[in-house]
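S.K.: Sending over a structure as structure tokens; questions will come in a sec.
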Amino acid sequence: MTKIIKKPVKKTTSEVFASIDKGLNSGDYLISLHGRKRGQERKVNALHIVQALRSPNRRHEPKKDKYVEGMFDWNYSILSNDIEQRKLRIILTFSEQMLIVTVIVLS
């Protein structure tokens with residue numbers, strides 16, 4: 001018998017930011033293999049991502065959030081600038097810890 005994962009309730013923007021802050025402050029986060037590969041291709045490292053996620057100018061893009069069937073949580077889209085002032089879109093999700101799925105350079 002297979003276990004069916006029920007679609008989770010989508011987090012509010014304040015819940016997303018609280019979860020991001022908790023993950024960054026505790027160091028309890030990972031960058032997926034896909035995220036690392038895309039980061040290398042786009043010359044974005046972990047420091048760029050962390051700085052962008054800590055930025056007071058970060059924005060949650062709820063219309064870009066997406067649920068992937070069978071996952072524990074939604075993929076959330078965060079728009080922010082890195083230390084080089086490039087505009088980044090960071091896609092992340094949460095389970096036991098924060099997982100950075102991918103990073104996209106928009107400018």
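We label chains A, B, ... in the order they appear in the structure tokens, count residues from 1 in each chain, and number ligands from 1 in the order shown.
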Could you go through segment 14-75 of chain A and tell me which residues DSSP, when run on the backbone, assigns to strand (DSSP E or B), listing them as a list in words?

M.R.: Tyr29, Leu30, Ile31, Arg59, His60, Lys66 and Asn75 of chain A

S.K.: Would you mind exporting the chosen residues as an mmCIF file, in the first residue's frame, restricted to C-alpha atoms?

M.R.:
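Heads up, here's the output in selection-v2.cif:
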```cif
data_model
loop_
_atom_site.group_PDB
_atom_site.id
_atom_site.type_symbol
_atom_site.label_atom_id
_atom_site.label_comp_id
_atom_site.auth_asym_id
_atom_site.auth_seq_id
_atom_site.Cartn_x
_atom_site.Cartn_y
_atom_site.Cartn_z
ATOM 1 C CA TYR A 29 19.296 24.544 5.200
ATOM 2 C CA LEU A 30 20.564 22.785 2.099
ATOM 3 C CA ILE A 31 21.076 23.752 -1.516
ATOM 4 C CA ARG A 59 9.932 39.928 -1.760
ATOM 5 C CA HIS A 60 7.750 36.853 -1.799
ATOM 6 C CA LYS A 66 3.954 26.120 -7.163
ATOM 7 C CA ASN A 75 7.902 25.652 -3.766
#
```

S.K.: I'd like to know which of A:Ser19, A:Leu24, A:Ile49, A:Val9 is closest to Arg36 of chain A, using only C-alpha atoms.

M.R.: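 For Arg36 of chain A, the nearest of the given residues is A:Ile49.
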
S.K.: Report as a list in words all protein, DNA and RNA residues lying within 12 Å of Asn25 of chain A, evaluated on only C-alpha atoms, omitting residues in the same chain fewer than 3 positions from it.

M.R.: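 Once the nearby chain positions are removed, what remains is Phe17, Ala18, Ser19, Ile20, Asp21, Lys22, Asp28, Tyr29, Val50, Leu53, Arg54, Gln97 and Met98 of chain A.
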
S.K.: Include N, CA and C atoms and write out the residues we just selected as an mmCIF file, in the first residue's frame.

M.R.:
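The resulting result-v2.cif:
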```
data_model
loop_
_atom_site.group_PDB
_atom_site.id
_atom_site.type_symbol
_atom_site.label_atom_id
_atom_site.label_comp_id
_atom_site.auth_asym_id
_atom_site.auth_seq_id
_atom_site.Cartn_x
_atom_site.Cartn_y
_atom_site.Cartn_z
ATOM 1 N N PHE A 17 8.731 33.916 5.351
ATOM 2 C CA PHE A 17 9.890 34.672 5.836
ATOM 3 C C PHE A 17 10.353 34.183 7.207
ATOM 4 N N ALA A 18 9.434 33.818 8.081
ATOM 5 C CA ALA A 18 9.814 33.276 9.398
ATOM 6 C C ALA A 18 10.560 31.955 9.224
ATOM 7 N N SER A 19 10.104 31.117 8.294
ATOM 8 C CA SER A 19 10.782 29.827 8.038
ATOM 9 C C SER A 19 12.159 30.038 7.423
ATOM 10 N N ILE A 20 12.281 31.022 6.518
ATOM 11 C CA ILE A 20 13.585 31.344 5.928
ATOM 12 C C ILE A 20 14.533 31.812 7.018
ATOM 13 N N ASP A 21 14.089 32.752 7.842
ATOM 14 C CA ASP A 21 14.937 33.292 8.909
ATOM 15 C C ASP A 21 15.371 32.190 9.881
ATOM 16 N N LYS A 22 14.449 31.309 10.226
ATOM 17 C CA LYS A 22 14.774 30.194 11.132
ATOM 18 C C LYS A 22 15.846 29.303 10.512
ATOM 19 N N ASP A 28 20.301 25.481 9.333
ATOM 20 C CA ASP A 28 19.617 24.247 8.969
ATOM 21 C C ASP A 28 18.953 24.385 7.600
ATOM 22 N N TYR A 29 19.793 24.457 6.570
ATOM 23 C CA TYR A 29 19.296 24.544 5.200
ATOM 24 C C TYR A 29 20.268 23.839 4.271
ATOM 25 N N VAL A 50 22.389 33.365 0.432
ATOM 26 C CA VAL A 50 22.091 33.702 1.827
ATOM 27 C C VAL A 50 21.908 35.209 1.985
ATOM 28 N N LEU A 53 18.564 36.192 0.622
ATOM 29 C CA LEU A 53 17.459 35.770 1.478
ATOM 30 C C LEU A 53 17.387 36.571 2.772
ATOM 31 N N ARG A 54 18.503 37.136 3.221
ATOM 32 C CA ARG A 54 18.522 37.971 4.428
ATOM 33 C C ARG A 54 18.168 39.432 4.148
ATOM 34 N N GLN A 97 13.913 20.779 7.034
ATOM 35 C CA GLN A 97 14.793 21.934 6.910
ATOM 36 C C GLN A 97 14.467 22.680 5.623
ATOM 37 N N MET A 98 15.052 23.860 5.478
ATOM 38 C CA MET A 98 14.836 24.630 4.262
ATOM 39 C C MET A 98 15.703 24.045 3.152
#
```

S.K.: Contacts of Lys11 of chain A at 9 Å or less, counting only C-alpha atoms, minus same-chain residues fewer than 6 places along, as a list of chain:residue names?

M.R.: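 Surrounding residues, per the criterion: A:Asp73, A:Trp74, A:Tyr76.
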
S.K.: Using DSSP on the backbone coordinates, identify the residues of chain A assigned to alpha helix (DSSP H); present them as a count of residues only.

M.R.: 32

S.K.: Could you give me, as a ChimeraX atom specification, the residues within 9 Å of Lys10 of chain A, counting only C-alpha atoms and dropping anything in the same chain fewer than 2 positions from it?

M.R.: /A:7-8,12,65,67,73-74

S.K.: Could you save the residues just selected, with N, CA and C atoms, as a PDB file, in the first residue's frame?

M.R.:
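Written file, part-v6.pdb:
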```pdb
ATOM      1  N   LYS A   7      -1.935  17.309  -0.097  1.00  0.00           N
ATOM      2  CA  LYS A   7      -1.425  18.625  -0.482  1.00  0.00           C
ATOM      3  C   LYS A   7      -1.422  19.538   0.744  1.00  0.00           C
ATOM      4  N   PRO A   8      -0.252  20.109   1.079  1.00  0.00           N
ATOM      5  CA  PRO A   8      -0.159  20.946   2.280  1.00  0.00           C
ATOM      6  C   PRO A   8      -0.802  22.320   2.070  1.00  0.00           C
ATOM      7  N   THR A  12       1.711  31.581   4.364  1.00  0.00           N
ATOM      8  CA  THR A  12       1.568  33.010   4.088  1.00  0.00           C
ATOM      9  C   THR A  12       2.959  33.598   3.905  1.00  0.00           C
ATOM     10  N   ASP A  65       4.591  30.840  -6.784  1.00  0.00           N
ATOM     11  CA  ASP A  65       4.658  29.634  -5.965  1.00  0.00           C
ATOM     12  C   ASP A  65       3.984  28.487  -6.704  1.00  0.00           C
ATOM     13  N   TYR A  67       2.952  24.082  -6.368  1.00  0.00           N
ATOM     14  CA  TYR A  67       2.950  22.819  -5.645  1.00  0.00           C
ATOM     15  C   TYR A  67       3.257  21.693  -6.613  1.00  0.00           C
ATOM     16  N   ASP A  73       5.804  20.172   0.834  1.00  0.00           N
ATOM     17  CA  ASP A  73       5.418  21.575   0.919  1.00  0.00           C
ATOM     18  C   ASP A  73       5.447  22.192  -0.473  1.00  0.00           C
ATOM     19  N   TRP A  74       4.985  23.401  -0.562  1.00  0.00           N
ATOM     20  CA  TRP A  74       5.008  24.164  -1.800  1.00  0.00           C
ATOM     21  C   TRP A  74       6.430  24.596  -2.118  1.00  0.00           C
TER      22      TRP A  74
END
```

S.K.: I need the residue nearest Leu88 of chain A from this list: A:Ile100, A:Leu33, A:Val44, A:Val68. Use only C-alpha atoms for the distance.

M.R.: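 The answer is A:Val44, which sits nearest to Leu88 of chain A.
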
S.K.: Quick one: of A:Val101, A:Glu84, A:Ser26, A:Pro62, who's nearest to Gly39 of chain A, counting only C-alpha atoms?

M.R.: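 Distance minimum relative to Gly39 of chain A lands on A:Val101.
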
S.K.: Between A:Ile78, A:Ile83, A:Ile91, A:Val16, which is the closest to Asn45 of chain A once you count only C-alpha atoms?

M.R.: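 Residue with the minimum atom-to-atom distance to Asn45 of chain A: A:Ile83.
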
S.K.: Extract, using only C-alpha atoms, all DNA, RNA and protein residues at most 6 Å from Ser80 of chain A, discarding same-chain residues fewer than 5 positions from it, and format them as a ChimeraX atom specification.

M.R.: /A:52,58,87-88

S.K.: Quick one: write out the picked residues with N, CA, C and O atoms as a short mmCIF file (atom, residue, chain, number, x, y, z; two decimals), in the first residue's frame?

M.R.:
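part_14.cif written:
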```cif
data_model
loop_
_atom_site.label_atom_id
_atom_site.label_comp_id
_atom_site.auth_asym_id
_atom_site.auth_seq_id
_atom_site.Cartn_x
_atom_site.Cartn_y
_atom_site.Cartn_z
N ALA A 52 20.97 37.36 -0.24
CA ALA A 52 19.71 37.76 -0.87
C ALA A 52 18.51 37.38 0.00
O ALA A 52 17.56 38.16 0.14
N ARG A 58 13.89 41.74 0.26
CA ARG A 58 13.39 40.51 -0.35
C ARG A 58 11.86 40.60 -0.48
O ARG A 58 11.18 41.26 0.32
N LYS A 87 19.56 40.89 -9.63
CA LYS A 87 18.23 40.48 -9.18
C LYS A 87 18.14 38.96 -9.31
O LYS A 87 18.35 38.42 -10.39
N LEU A 88 17.84 38.30 -8.19
CA LEU A 88 17.74 36.84 -8.16
C LEU A 88 16.32 36.41 -7.84
O LEU A 88 15.64 37.04 -7.04
#
```

S.K.: May I ask for the distance between atom CA of Arg86 of chain A and atom CA of Ser107 of chain A, given in Å to one decimal place?

M.R.: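 Between atom CA of Arg86 of chain A and atom CA of Ser107 of chain A the gap works out to 5.5 Å.
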
S.K.: Find, counting only C-alpha atoms, the residue in A:His48, A:Glu69, A:Ser32, A:Leu106 that gets nearest to Leu92 of chain A.

M.R.: A:Ser32

S.K.: Kindly give the distance, in Å, that separates atom CA of Ser14 of chain A and atom CA of Lys64 of chain A, rounded to a single decimal.

M.R.: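 Separating atom CA of Ser14 of chain A from atom CA of Lys64 of chain A is a distance of 16.2 Å.
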
S.K.: Kindly indicate which residue among A:Asn57, A:Ser95, A:Gln40, A:Asn81 lies nearest to Gly23 of chain A, using only C-alpha atoms for the distances.

M.R.: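 Closest residue, counting only C-alpha atoms: A:Ser95.
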